[in-house]
$ cat upload-v3.txt   # compact mmCIF, C-alpha atoms
# COMPACT_ATOMS: atom_id res chain seq x y z
CA MET A 1 13.13 -21.69 38.51
CA LYS A 2 15.04 -23.01 35.53
CA LEU A 3 13.27 -20.48 33.31
CA ILE A 4 14.10 -17.60 35.62
CA ILE A 5 17.79 -18.54 35.63
CA ALA A 6 17.90 -18.85 31.86
CA THR A 7 16.29 -15.44 31.48
CA ALA A 8 18.68 -13.90 33.97
CA VAL A 9 21.68 -15.35 32.15
CA ALA A 10 20.45 -14.07 28.82
CA THR A 11 19.89 -10.62 30.25
CA VAL A 12 23.25 -10.44 31.98
CA LEU A 13 25.37 -11.83 29.19
CA GLY A 14 23.41 -9.95 26.56
CA ALA A 15 22.85 -10.49 22.90
CA THR A 16 26.31 -11.81 21.97
CA VAL A 17 25.84 -15.04 23.88
CA ALA A 18 22.26 -15.40 22.72
CA MET A 19 23.38 -15.02 19.09
CA ALA A 20 26.30 -17.46 19.49
CA GLY A 21 23.97 -20.32 20.41
CA SER A 22 21.31 -19.38 17.92
CA THR A 23 20.12 -21.26 14.86
CA LYS A 24 20.42 -19.39 11.54
CA PRO A 25 17.07 -18.69 9.83
CA GLN A 26 17.76 -21.11 6.98
CA ASP A 27 18.71 -23.87 9.45
CA VAL A 28 15.50 -23.77 11.51
CA ALA A 29 13.86 -27.22 11.47
CA PHE A 30 10.10 -27.21 10.86
CA GLU A 31 7.85 -30.16 11.55
CA ASP A 32 4.28 -29.64 10.32
CA GLY A 33 4.86 -25.90 10.66
CA ALA A 34 6.11 -26.17 14.26
CA VAL A 35 9.62 -25.57 15.59
CA ALA A 36 10.54 -27.51 18.74
CA ALA A 37 13.84 -25.97 19.80
CA SER A 38 14.48 -22.37 20.84
CA VAL A 39 16.01 -20.54 17.86
CA SER A 40 18.25 -18.49 20.14
CA GLY A 41 19.26 -21.40 22.35
CA VAL A 42 17.88 -19.65 25.43
CA ALA A 43 14.43 -19.05 26.84
CA GLY A 44 12.48 -15.94 25.95
CA ASP A 45 11.54 -13.07 28.24
CA ALA A 46 7.79 -12.36 28.09
CA ALA A 47 8.16 -8.76 29.31
CA VAL A 48 10.64 -7.92 26.55
CA GLY A 49 8.47 -9.86 24.10
CA ARG A 50 5.52 -7.65 24.97
CA GLN A 51 7.56 -4.62 23.88
CA VAL A 52 8.80 -6.28 20.71
CA PHE A 53 5.18 -7.20 19.89
CA ALA A 54 3.96 -3.59 20.08
CA ASN A 55 7.00 -1.78 18.65
CA ARG A 56 6.24 -0.50 15.13
CA LYS A 57 9.84 -1.00 14.02
CA LEU A 58 10.06 -4.57 15.41
CA GLY A 59 7.12 -6.95 15.58
CA ASN A 60 4.42 -4.38 14.89
CA CYS A 61 2.07 -7.31 15.40
CA LEU A 62 -0.70 -4.83 16.23
CA ALA A 63 -0.65 -3.74 12.59
CA CYS A 64 -2.68 -6.84 11.84
CA HIS A 65 -3.87 -8.32 15.16
CA VAL A 66 -6.18 -7.26 17.96
CA ASN A 67 -4.73 -8.02 21.40
CA SER A 68 -6.94 -7.13 24.37
CA GLU A 69 -4.02 -7.57 26.73
CA MET A 70 -2.66 -4.25 25.34
CA PRO A 71 -5.52 -1.78 25.80
CA GLU A 72 -3.02 1.04 26.33
CA GLN A 73 -1.96 0.75 22.68
CA SER A 74 -4.31 2.53 20.29
CA PHE A 75 -5.14 1.11 16.86
CA HIS A 76 -5.17 -2.66 16.71
CA GLY A 77 -5.35 -3.93 13.13
CA GLU A 78 -7.80 -6.53 11.89
CA VAL A 79 -6.00 -8.14 8.96
CA GLY A 80 -5.38 -11.31 11.02
CA PRO A 81 -7.38 -13.02 13.78
CA THR A 82 -7.37 -11.66 17.34
CA LEU A 83 -4.51 -13.04 19.40
CA ASP A 84 -6.59 -13.22 22.57
CA GLY A 85 -6.10 -16.75 23.85
CA ALA A 86 -3.37 -17.58 21.29
CA GLY A 87 -1.34 -19.18 24.10
CA SER A 88 -4.18 -21.64 24.72
CA ARG A 89 -4.86 -22.41 21.05
CA TRP A 90 -1.28 -23.15 20.07
CA SER A 91 1.63 -24.99 21.66
CA GLU A 92 4.98 -23.28 22.20
CA ALA A 93 6.46 -25.11 19.19
CA GLU A 94 3.54 -24.12 16.98
CA LEU A 95 3.82 -20.46 18.03
CA ARG A 96 7.55 -20.57 17.29
CA GLY A 97 6.80 -21.89 13.82
CA ILE A 98 4.17 -19.22 13.18
CA VAL A 99 6.41 -16.34 14.24
CA THR A 100 9.55 -17.72 12.58
CA ASN A 101 7.92 -18.37 9.21
CA SER A 102 4.13 -18.28 9.19
CA LYS A 103 4.01 -19.57 5.60
CA GLN A 104 4.97 -23.00 6.94
CA THR A 105 1.68 -23.03 8.88
CA PHE A 106 -0.62 -20.88 6.77
CA GLU A 107 0.02 -21.36 3.07
CA GLY A 108 0.20 -18.09 1.14
CA THR A 109 -0.50 -15.95 4.21
CA ILE A 110 0.06 -12.19 4.20
CA MET A 111 1.73 -12.50 7.63
CA PRO A 112 5.48 -11.87 7.24
CA GLY A 113 8.01 -14.48 8.33
CA PHE A 114 9.80 -12.75 11.19
CA TYR A 115 12.90 -14.95 11.16
CA VAL A 116 13.56 -15.25 7.44
CA ASP A 117 16.56 -13.58 5.81
CA SER A 118 16.76 -15.03 2.32
CA GLY A 119 14.57 -15.46 -0.74
CA LEU A 120 13.12 -11.96 -0.31
CA PHE A 121 12.66 -9.81 -3.45
CA ARG A 122 13.96 -6.22 -3.53
CA PRO A 123 14.41 -5.65 0.21
CA LEU A 124 14.94 -1.97 1.02
CA GLY A 125 18.54 -0.84 1.48
CA GLY A 126 19.69 -1.64 5.00
CA PHE A 127 17.39 -4.64 5.31
CA GLU A 128 19.12 -6.93 2.82
CA ASP A 129 19.79 -10.41 4.18
CA LYS A 130 18.27 -9.41 7.52
CA SER A 131 15.32 -10.97 9.28
CA ILE A 132 12.71 -8.63 10.81
CA LEU A 133 13.44 -9.97 14.32
CA ASN A 134 16.61 -11.53 15.65
CA ALA A 135 16.60 -14.97 17.29
CA GLN A 136 16.21 -13.67 20.83
CA GLN A 137 13.39 -11.30 19.90
CA VAL A 138 11.57 -14.27 18.33
CA GLU A 139 11.90 -16.21 21.59
CA ASP A 140 10.81 -13.19 23.63
CA VAL A 141 7.66 -12.79 21.52
CA ILE A 142 6.89 -16.51 21.87
CA ALA A 143 7.28 -16.29 25.65
CA TYR A 144 4.83 -13.38 25.59
CA LEU A 145 2.31 -15.13 23.32
CA GLN A 146 2.21 -18.05 25.76
CA THR A 147 0.89 -15.69 28.43
CA LEU A 148 -2.18 -14.91 26.27
CA LYS A 149 -4.50 -17.52 27.76
CA GLU A 150 -8.20 -17.96 27.14
CA MET B 1 -1.48 -30.92 9.75
CA GLY B 2 -5.23 -31.31 9.38
CA MET B 3 -5.65 -28.91 12.24
CA TYR B 4 -3.64 -26.22 10.51
CA LEU B 5 -5.64 -26.60 7.35
CA LEU B 6 -8.87 -26.29 9.28
CA LYS B 7 -7.74 -23.15 11.07
CA THR B 8 -6.46 -21.59 7.89
CA THR B 9 -9.76 -22.15 6.14
CA ALA B 10 -11.73 -20.71 9.02
CA PHE B 11 -9.61 -17.55 9.08
CA ALA B 12 -9.72 -17.19 5.34
CA ALA B 13 -13.50 -17.40 5.42
CA GLY B 14 -13.61 -14.80 8.21
CA LEU B 15 -11.40 -12.43 6.29
CA ALA B 16 -13.41 -12.80 3.12
CA LEU B 17 -16.56 -11.87 5.01
CA VAL B 18 -14.99 -8.79 6.51
CA ALA B 19 -13.40 -7.69 3.24
CA GLY B 20 -16.59 -8.19 1.29
CA SER B 21 -18.99 -6.31 3.50
CA ALA B 22 -17.22 -3.76 5.63
CA ALA B 23 -15.98 -1.55 2.81
CA VAL B 24 -19.24 0.15 2.01
CA ALA B 25 -21.39 -1.00 4.91
CA GLY B 26 -23.30 1.88 6.39
CA GLU B 27 -21.74 4.33 3.94
CA ASP B 28 -23.52 6.48 1.46
CA SER B 29 -21.75 5.47 -1.72
CA THR B 30 -22.56 8.71 -3.52
CA LEU B 31 -20.18 11.62 -3.43
CA THR B 32 -21.72 14.98 -4.26
CA ILE B 33 -19.34 17.84 -5.03
CA ASN B 34 -20.34 21.52 -4.82
CA GLY B 35 -23.92 20.36 -4.36
CA ASP B 36 -24.31 19.57 -8.06
CA LEU B 37 -21.76 17.07 -9.36
CA THR B 38 -22.83 13.59 -8.30
CA ILE B 39 -20.18 10.89 -8.44
CA SER B 40 -20.81 7.21 -7.94
CA THR B 41 -17.99 5.84 -5.81
CA ALA B 42 -18.64 2.19 -6.69
CA ALA B 43 -19.01 0.30 -9.95
CA ALA B 44 -19.21 -3.26 -11.22
CA ALA B 45 -15.65 -4.59 -11.50
CA PRO B 46 -14.20 -4.65 -15.02
CA SER B 47 -14.34 -8.16 -16.48
CA HIS B 48 -10.56 -8.65 -16.31
CA LEU B 49 -10.69 -8.60 -12.49
CA GLU B 50 -10.88 -12.18 -11.28
CA ASN B 51 -11.18 -11.79 -7.52
CA ILE B 52 -13.36 -8.73 -6.98
CA ASP B 53 -16.99 -8.07 -8.01
CA GLU B 54 -17.18 -4.39 -7.20
CA VAL B 55 -14.63 -1.62 -7.45
CA VAL B 56 -14.83 1.20 -4.93
CA SER B 57 -13.18 4.57 -4.54
CA GLY B 58 -10.69 5.29 -1.77
CA TRP B 59 -12.95 8.21 -0.75
CA LEU B 60 -15.33 5.73 0.91
CA PHE B 61 -12.67 4.54 3.32
CA ARG B 62 -11.83 7.94 4.72
CA THR B 63 -13.27 9.62 7.80
CA ASP B 64 -16.31 11.89 7.53
CA GLU B 65 -14.06 14.94 7.98
CA THR B 66 -11.69 13.94 5.19
CA GLN B 67 -14.61 12.98 2.96
CA SER B 68 -16.28 16.36 3.44
CA LEU B 69 -13.14 18.22 2.32
CA GLN B 70 -13.63 16.70 -1.11
CA MET B 71 -17.29 17.69 -1.27
CA ASP B 72 -16.71 21.39 -1.82
CA ASP B 73 -13.98 22.88 -3.99
CA PHE B 74 -13.61 25.78 -1.55
CA ASP B 75 -12.73 23.34 1.23
CA ASN B 76 -10.63 21.06 -0.97
CA PRO B 77 -6.95 21.97 -0.39
CA SER B 78 -6.08 20.55 -3.84
CA PHE B 79 -7.46 23.70 -5.39
CA VAL B 80 -4.50 25.71 -4.14
CA PHE B 81 -2.48 23.48 -6.48
CA VAL B 82 -5.04 23.63 -9.28
CA ASP B 83 -4.54 27.41 -9.12
CA ILE B 84 -0.78 26.92 -9.37
CA GLY B 85 -1.56 24.73 -12.39
CA ILE B 86 -3.55 27.56 -13.99
CA ASP B 87 -0.62 29.93 -13.51
CA LEU B 88 1.76 27.39 -15.01
CA TRP B 89 -0.62 26.89 -17.94
CA GLU B 90 -0.27 30.58 -18.75
CA ALA B 91 3.43 30.92 -17.91
CA VAL B 92 5.83 31.48 -20.81
CA ASP B 93 8.94 29.34 -20.45
CA GLY B 94 11.81 28.11 -22.63
CA THR B 95 13.61 29.27 -25.74
CA GLU B 96 10.47 29.47 -27.91
CA GLY B 97 8.77 32.07 -25.73
CA LYS B 98 5.62 30.00 -25.38
CA SER B 99 3.23 28.78 -22.71
CA CYS B 100 0.72 25.91 -22.88
CA SER B 101 -1.95 28.48 -23.66
CA SER B 102 -0.03 29.78 -26.71
CA CYS B 103 -0.95 26.59 -28.57
CA HIS B 104 -3.94 25.28 -26.62
CA THR B 105 -6.06 28.36 -27.04
CA ASP B 106 -9.28 26.72 -25.84
CA GLY B 107 -7.82 26.37 -22.37
CA PRO B 108 -7.27 23.23 -20.29
CA GLU B 109 -10.90 22.30 -21.06
CA GLU B 110 -9.53 20.97 -24.34
CA PHE B 111 -8.27 18.01 -22.33
CA ALA B 112 -11.59 16.89 -20.90
CA GLY B 113 -11.48 13.10 -20.89
CA LEU B 114 -7.73 12.75 -21.30
CA THR B 115 -6.86 11.73 -17.74
CA ALA B 116 -9.64 9.12 -17.80
CA THR B 117 -7.71 7.25 -20.51
CA MET B 118 -4.16 7.63 -19.18
CA PRO B 119 -1.67 6.08 -19.35
CA ARG B 120 -1.90 4.97 -22.99
CA VAL B 121 0.26 3.69 -25.82
CA ASP B 122 1.57 6.35 -28.21
CA ALA B 123 1.97 6.15 -31.99
CA ASP B 124 5.41 4.56 -31.61
CA GLY B 125 4.10 1.78 -29.40
CA ASN B 126 5.49 3.20 -26.15
CA LEU B 127 3.44 3.47 -22.98
CA GLU B 128 3.17 7.16 -22.10
CA THR B 129 1.91 8.92 -19.00
CA LEU B 130 0.36 12.39 -18.79
CA THR B 131 3.53 13.51 -17.02
CA GLU B 132 5.62 12.40 -19.98
CA ILE B 133 3.33 14.15 -22.46
CA ILE B 134 3.66 17.41 -20.52
CA ASN B 135 7.45 17.11 -20.44
CA ARG B 136 7.59 16.26 -24.12
CA GLU B 137 5.58 19.38 -24.94
CA ARG B 138 7.84 21.44 -22.73
CA VAL B 139 11.01 20.19 -24.35
CA GLU B 140 9.92 19.90 -27.97
CA LYS B 141 7.42 22.74 -28.37
CA MET B 142 8.55 25.23 -25.74
CA GLY B 143 12.29 24.60 -25.62
CA ALA B 144 11.94 24.41 -21.83
CA GLU B 145 13.43 22.11 -19.21
CA PRO B 146 11.43 19.01 -18.26
CA TRP B 147 9.93 19.07 -14.78
CA LYS B 148 10.67 16.52 -12.05
CA TYR B 149 8.19 13.64 -12.09
CA SER B 150 6.44 14.19 -8.76
CA LYS B 151 7.32 17.74 -7.76
CA THR B 152 4.83 20.57 -7.22
CA LYS B 153 4.81 21.96 -10.76
CA MET B 154 4.09 18.65 -12.43
CA ALA B 155 1.62 17.52 -9.77
CA SER B 156 -0.22 20.87 -10.03
CA LEU B 157 -0.53 20.86 -13.82
CA THR B 158 -1.64 17.20 -13.88
CA ALA B 159 -4.22 18.10 -11.21
CA LEU B 160 -5.56 20.91 -13.42
CA ILE B 161 -5.74 18.63 -16.45
CA GLY B 162 -7.19 15.77 -14.39
CA LEU B 163 -9.93 18.06 -13.08
CA GLN B 164 -11.21 18.40 -16.68
CA SER B 165 -12.12 14.68 -16.53
CA ARG B 166 -13.77 14.81 -13.12
CA GLY B 167 -17.08 12.95 -13.25
CA MET B 168 -16.13 10.86 -16.29
CA PRO B 169 -15.62 7.09 -16.13
CA VAL B 170 -12.08 5.73 -15.96
CA ASN B 171 -11.49 3.94 -19.24
CA VAL B 172 -7.89 2.94 -19.96
CA ALA B 173 -7.15 0.63 -22.88
CA ILE B 174 -5.59 -2.69 -21.93
CA ASP B 175 -5.73 -4.61 -25.21
CA GLY B 176 -3.80 -4.39 -28.47
CA ALA B 177 -0.52 -2.50 -28.14
CA ALA B 178 -1.23 -1.91 -24.43
CA ALA B 179 -1.48 -5.61 -23.61
CA PRO B 180 2.20 -6.34 -22.91
CA TYR B 181 2.50 -3.32 -20.62
CA TRP B 182 -0.69 -4.31 -18.84
CA GLU B 183 0.58 -7.88 -18.34
CA ARG B 184 3.80 -6.53 -16.88
CA GLY B 185 1.86 -4.27 -14.53
CA LYS B 186 -0.33 -7.15 -13.43
CA GLU B 187 2.72 -9.26 -12.69
CA LEU B 188 4.18 -6.47 -10.55
CA TYR B 189 0.87 -6.05 -8.71
CA TYR B 190 0.83 -9.67 -7.62
CA THR B 191 4.56 -10.00 -6.84
CA ARG B 192 5.53 -10.11 -3.18
CA VAL B 193 8.29 -7.65 -2.37
CA GLY B 194 10.38 -6.39 0.48
CA GLN B 195 11.41 -7.66 3.87
CA LEU B 196 7.71 -7.98 4.77
CA ASP B 197 7.14 -10.02 1.60
CA ILE B 198 3.72 -8.60 0.68
CA ALA B 199 2.28 -7.82 -2.78
CA CYS B 200 -0.01 -4.90 -3.64
CA SER B 201 -2.80 -7.47 -3.84
CA GLY B 202 -2.16 -8.64 -0.25
CA CYS B 203 -3.37 -5.31 1.07
CA HIS B 204 -5.56 -3.82 -1.67
CA GLU B 205 -7.29 -6.91 -3.02
CA ASP B 206 -7.31 -9.46 -0.19
CA ASN B 207 -7.79 -7.09 2.73
CA TYR B 208 -9.47 -3.85 1.67
CA GLY B 209 -12.10 -2.76 4.14
CA VAL B 210 -10.12 -3.78 7.23
CA MET B 211 -7.85 -1.76 9.49
CA ILE B 212 -4.10 -2.20 9.25
CA ARG B 213 -3.09 -0.58 12.53
CA ALA B 214 -4.47 3.00 12.18
CA ASP B 215 -5.13 2.84 8.42
CA HIS B 216 -8.37 1.75 6.78
CA LEU B 217 -7.26 -0.25 3.74
CA SER B 218 -8.89 0.75 0.46
CA GLN B 219 -8.62 -0.94 -2.92
CA GLY B 220 -5.69 1.35 -3.77
CA GLN B 221 -7.53 2.89 -6.71
CA THR B 222 -6.00 5.80 -8.64
CA ASN B 223 -9.19 7.50 -9.87
CA GLY B 224 -8.57 10.46 -7.53
CA PHE B 225 -4.94 11.13 -8.46
CA PRO B 226 -3.07 13.31 -8.12
CA THR B 227 -4.44 13.51 -4.59
CA TYR B 228 -3.94 16.01 -1.78
CA ARG B 229 -2.81 14.23 1.38
CA LEU B 230 -3.35 15.81 4.78
CA LYS B 231 -0.30 13.87 5.94
CA ASN B 232 2.18 15.80 3.79
CA ALA B 233 0.03 18.79 2.77
CA LYS B 234 0.75 18.53 -0.96
CA MET B 235 -0.37 16.87 -4.19
CA ASN B 236 0.77 13.25 -4.42
CA THR B 237 1.28 11.48 -7.72
CA THR B 238 0.53 7.81 -8.34
CA HIS B 239 4.21 6.98 -8.60
CA ALA B 240 4.97 8.71 -5.30
CA ARG B 241 2.19 6.69 -3.69
CA PHE B 242 3.47 3.40 -5.12
CA LYS B 243 6.89 4.34 -3.79
CA GLY B 244 5.47 5.01 -0.32
CA CYS B 245 3.61 1.70 -0.22
CA MET B 246 6.74 -0.18 -1.24
CA LYS B 247 8.86 1.53 1.40
CA ASN B 248 6.28 0.66 4.04
CA ILE B 249 6.88 -3.01 3.37
CA ARG B 250 10.61 -2.35 3.30
CA ALA B 251 10.95 -2.90 -0.42
CA THR B 252 13.24 -0.92 -2.74
CA PRO B 253 10.82 1.14 -4.83
CA TYR B 254 11.09 1.23 -8.60
CA ALA B 255 12.03 4.60 -10.13
CA GLU B 256 9.34 7.25 -10.51
CA GLY B 257 8.67 7.56 -14.23
CA GLY B 258 10.41 4.24 -14.89
CA ASP B 259 9.03 1.35 -16.94
CA GLU B 260 7.86 -0.67 -13.93
CA PHE B 261 5.82 2.10 -12.32
CA LYS B 262 4.39 3.12 -15.71
CA ALA B 263 3.22 -0.45 -16.28
CA LEU B 264 1.88 -0.61 -12.72
CA GLU B 265 0.10 2.73 -13.25
CA LEU B 266 -1.66 1.28 -16.30
CA TYR B 267 -2.62 -1.92 -14.52
CA VAL B 268 -3.86 -0.20 -11.34
CA ALA B 269 -5.82 2.35 -13.42
CA SER B 270 -7.43 -0.55 -15.32
CA ARG B 271 -8.58 -2.07 -12.04
CA GLY B 272 -10.63 1.12 -11.70
CA ASN B 273 -12.15 1.04 -15.20
CA GLY B 274 -15.78 2.04 -14.65
CA LEU B 275 -15.08 4.09 -11.52
CA THR B 276 -15.43 7.86 -11.82
CA VAL B 277 -12.50 10.26 -12.04
CA GLU B 278 -12.39 12.25 -8.77
CA THR B 279 -9.25 14.25 -9.43
CA PRO B 280 -8.23 16.19 -7.42
CA SER B 281 -9.20 14.09 -4.40
CA VAL B 282 -8.38 14.44 -0.69
CA ARG B 283 -6.89 11.65 1.38
CA ASN B 284 -5.28 11.39 4.81
$ encode --input "upload-v3.txt" --output "C-alpha cells"
Amino acid sequence: MKLIIATAVATVLGATVAMAGSTKPQDVAFEDGAVAASVSGVAGDAAVGRQVFANRKLGNCLACHVNSEMPEQSFHGEVGPTLDGAGSRWSEAELRGIVTNSKQTFEGTIMPGFYVDSGLFRPLGGFEDKSILNAQQVEDVIAYLQTLKE
Amino acid sequence: MGMYLLKTTAFAAGLALVAGSAAVAGEDSTLTINGDLTISTAAAAPSHLENIDEVVSGWLFRTDETQSLQMDDFDNPSFVFVDIGIDLWEAVDGTEGKSCSSCHTDGPEEFAGLTATMPRVDADGNLETLTEIINRERVEKMGAEPWKYSKTKMASLTALIGLQSRGMPVNVAIDGAAAPYWERGKELYYTRVGQLDIACSGCHEDNYGVMIRADHLSQGQTNGFPTYRLKNAKMNTTHARFKGCMKNIRATPYAEGGDEFKALELYVASRGNGLTVETPSVRN
C-alpha cells in the first residue's frame, strides 16, 4: 500500500518533486558497492523501469544483457550475464549500487555507471556533466529488476 | 565483499570463454575471392599484443550474405568506388595540368604493398597516412586542391591503391621513429572515453565474438579499409569508423586526419600485423 501511494505521488507531482528530494550523483553513499537509500527520495515504478531498461537512448540494458522477461524485444546482447533472476540474486541496495555505479561492485567493468556525471573523459556535446539516467529513472529500473525473480 | 569478488571472477571467466571460442567457432576461416585469391582471415597475434593470441578479420563476424559479397568482385559494391578511383587516377586537375598517371606511368600497380605498411613515418619524422600522401601529391605536384579526408574522392582513390595490396600481410613499422606515435595510439586505445566510459579495448579486445545488441563485435581490425558499409552505402575510412565508434559511446571524436586518429590508425593497424589486406572489404 505504502509503495502504491509513493508511486502515485511521484507520478502525479512529476519529475520536479522527484528531483528536489534526490541525491546528487557525487553524494551517493556506497557501502560495499551497495546503496541503501533511494537516490530520488521516492520509490521506483517497475512498469516505467521496464521501458527505461529497453529504451536504446536510456538504459539500453539489452545492449549487453539477455532478459527473457522481454521476448518482444529483438536482439539481446551478451556482453554481460543474463539478468534472468537478478532480483533473486541481489538485494535492492545491491541492485541500486550496480545501476548507479557498477564499478563500485565490479572493478574495471565495461558496464557504464548510469548515475555518474563527473570524471568522464571527452563526453559528447550535450552530455557533459550529465548522467545517463536521472535519479527517478534509476529507481524505476531498480523496481523493475526486483521483479526478475528466479 | 567476498561475494562480489566471487561473482566478478565467475563472470569474467564466463566472458573469457565466450570471447575466446565464439569468434571463429563453426566458421571457415578462409576467404576465397573470385575463386582464386585465397586469404587467411586469422593469424598468430603480433608479439606486442599482450592479451590476445590470435588476430582475426572482421569478415569472419559478418553474416553469410555480407561475407559472400566480398567473395566476388562483381558482387562487391566497393568496386563501384574502385572504378571512381580509376577515373580519378587518370583525371587531370590543378595548375600543372597533370593527373596521377602523368607521373606514375606504370599505373596504380606501382603501389602494390604500400597500404600494407601504412601509416608510416616520413623522412622528416612525421607520421603520415596514405590520405596525406595523396593530398601532398595533389598540392605539390599537381597544383590542385587537397581533398576532404573521408569524402568519396579520397575514399575511392585509397580503395584503388589499397586493392593493389590485397592478399599481402599487414606489416606496419612500430619501432624506431614510429615508436612514440605507436605509444600514443596505444594509450588512446586503452583510454575510457565518453558518457558510457568505455575504451576501444572494452569492446574489441575484451568482448569480441559476442553480441552487443544487434551487432557481432569483431576485433575492430583495419585490414579491410576503406570498407564498403551496407548501412551507409559508401566507402568508409578508418578515421570515419573511429569517429562513429566514439559517438556511439557518447564521446567527442578526435578530428579526422588529426594527430590522435593518425596515432590510433597506426596502433590499430599494428594490432593486425600478420593479417591479410582485404581492401576493399564489405561490412554491414
$ residues_around --input "upload-v3.txt" --residues "A:Ala143" --least-positions-apart "6" --cutoff "9 Å" --atoms "only C-alpha atoms" --output "PDB file with C-alpha atoms, in the coordinates of the input"
ATOM      1  CA  ALA A  43      14.430 -19.050  26.840  1.00  0.00           C
ATOM      2  CA  GLY A  44      12.480 -15.940  25.950  1.00  0.00           C
ATOM      3  CA  ASP A  45      11.540 -13.070  28.240  1.00  0.00           C
ATOM      4  CA  ALA A  46       7.790 -12.360  28.090  1.00  0.00           C
ATOM      5  CA  ALA A  47       8.160  -8.760  29.310  1.00  0.00           C
ATOM      6  CA  GLY A  49       8.470  -9.860  24.100  1.00  0.00           C
ATOM      7  CA  ARG A  50       5.520  -7.650  24.970  1.00  0.00           C
ATOM      8  CA  GLU A  92       4.980 -23.280  22.200  1.00  0.00           C
TER       9      GLU A  92
END
$ residues_around --input "upload-v3.txt" --residues "B:Lys243" --least-positions-apart "6" --cutoff "8 Å" --atoms "only C-alpha atoms" --output "count of residues only"
3
$ closest_atom_pairs --input "upload-v3.txt" --of "chain B" --to "chain A" --cutoff "7 Å" --atoms "all atoms listed in the file" --output "JSON lines"
{"residue": "B:Met1", "atom": "CA", "partner": "A:Asp32", "partner_atom": "CA", "distance": 5.9}
{"residue": "B:Tyr4", "atom": "CA", "partner": "A:Thr105", "partner_atom": "CA", "distance": 6.4}
{"residue": "B:Thr8", "atom": "CA", "partner": "A:Phe106", "partner_atom": "CA", "distance": 6.0}
{"residue": "B:Phe11", "atom": "CA", "partner": "A:Pro81", "partner_atom": "CA", "distance": 6.9}
{"residue": "B:Val193", "atom": "CA", "partner": "A:Phe121", "partner_atom": "CA", "distance": 5.0}
{"residue": "B:Gly194", "atom": "CA", "partner": "A:Pro123", "partner_atom": "CA", "distance": 4.1}
{"residue": "B:Gln195", "atom": "CA", "partner": "A:Pro123", "partner_atom": "CA", "distance": 5.1}
{"residue": "B:Leu196", "atom": "CA", "partner": "A:Pro112", "partner_atom": "CA", "distance": 5.1}
{"residue": "B:Asp197", "atom": "CA", "partner": "A:Pro112", "partner_atom": "CA", "distance": 6.2}
{"residue": "B:Ile198", "atom": "CA", "partner": "A:Ile110", "partner_atom": "CA", "distance": 6.2}
{"residue": "B:Gly202", "atom": "CA", "partner": "A:Ile110", "partner_atom": "CA", "distance": 6.1}
{"residue": "B:Asn207", "atom": "CA", "partner": "A:Val79", "partner_atom": "CA", "distance": 6.6}
{"residue": "B:Val210", "atom": "CA", "partner": "A:Glu78", "partner_atom": "CA", "distance": 5.9}
{"residue": "B:Met211", "atom": "CA", "partner": "A:Gly77", "partner_atom": "CA", "distance": 4.9}
{"residue": "B:Ile212", "atom": "CA", "partner": "A:Gly77", "partner_atom": "CA", "distance": 4.4}
{"residue": "B:Arg213", "atom": "CA", "partner": "A:Ala63", "partner_atom": "CA", "distance": 4.0}
{"residue": "B:Ala214", "atom": "CA", "partner": "A:Phe75", "partner_atom": "CA", "distance": 5.1}
{"residue": "B:Arg250", "atom": "CA", "partner": "A:Leu124", "partner_atom": "CA", "distance": 4.9}
{"residue": "B:Ala251", "atom": "CA", "partner": "A:Leu124", "partner_atom": "CA", "distance": 4.3}
{"residue": "B:Thr252", "atom": "CA", "partner": "A:Leu124", "partner_atom": "CA", "distance": 4.3}
$ atom_distance --input "upload-v3.txt" --atom1 "atom CA of B:Gly257" --atom2 "atom CA of B:Gly125"
16.9 Å
$ atom_distance --input "upload-v3.txt" --atom1 "atom CA of B:Leu217" --atom2 "atom CA of B:Leu160"
27.3 Å
$ residues_around --input "upload-v3.txt" --residues "A:Arg96" --least-positions-apart "2" --cutoff "9 Å" --atoms "only C-alpha atoms" --output "list of chain:residue names"
A:Gly33, A:Ala34, A:Val35, A:Ala36, A:Ala37, A:Ser38, A:Val39, A:Ser91, A:Glu92, A:Ala93, A:Glu94, A:Ile98, A:Val99, A:Thr100, A:Asn101, A:Val138, A:Glu139, A:Val141, A:Ile142
$ atom_distance --input "upload-v3.txt" --atom1 "atom CA of B:Ile39" --atom2 "atom CA of B:Ser156"
22.4 Å
$ closest_residue --input "upload-v3.txt" --among "B:Arg166, B:Lys186, B:His204, B:Lys234" --to "B:Glu278" --atoms "all atoms listed in the file"
B:Arg166
$ residues_around --input "upload-v3.txt" --residues "A:Ser40" --least-positions-apart "2" --cutoff "8 Å" --atoms "all atoms listed in the file" --output "PyMOL selection string"
chain A and resi 18-19+21-23+38+42-43+135-136+139
$ residues_near_point --input "upload-v3.txt" --point "(-11.9, 11.2, 8.1)" --cutoff "12 Å" --atoms "all atoms listed in the file" --output "list in words"
Gly58, Trp59, Leu60, Phe61, Arg62, Thr63, Asp64, Glu65, Thr66, Gln67, Ser68, Leu69, Gln70, Ala214, Asp215, His216, Arg229, Leu230, Val282, Arg283 and Asn284 of chain B
$ residues_around --input "upload-v3.txt" --residues "A:Val48" --least-positions-apart "5" --cutoff "9 Å" --atoms "only C-alpha atoms" --output "PyMOL selection string"
chain A and resi 53+137+140-141+144
$ residues_near_point --input "upload-v3.txt" --point "(-5.0, 11.8, -14.5)" --cutoff "10 Å" --atoms "all atoms listed in the file" --output "MDAnalysis selection string"
chainID B and resid 113:119 129:131 155 158:166 170 222:226 237:238 269 277:280
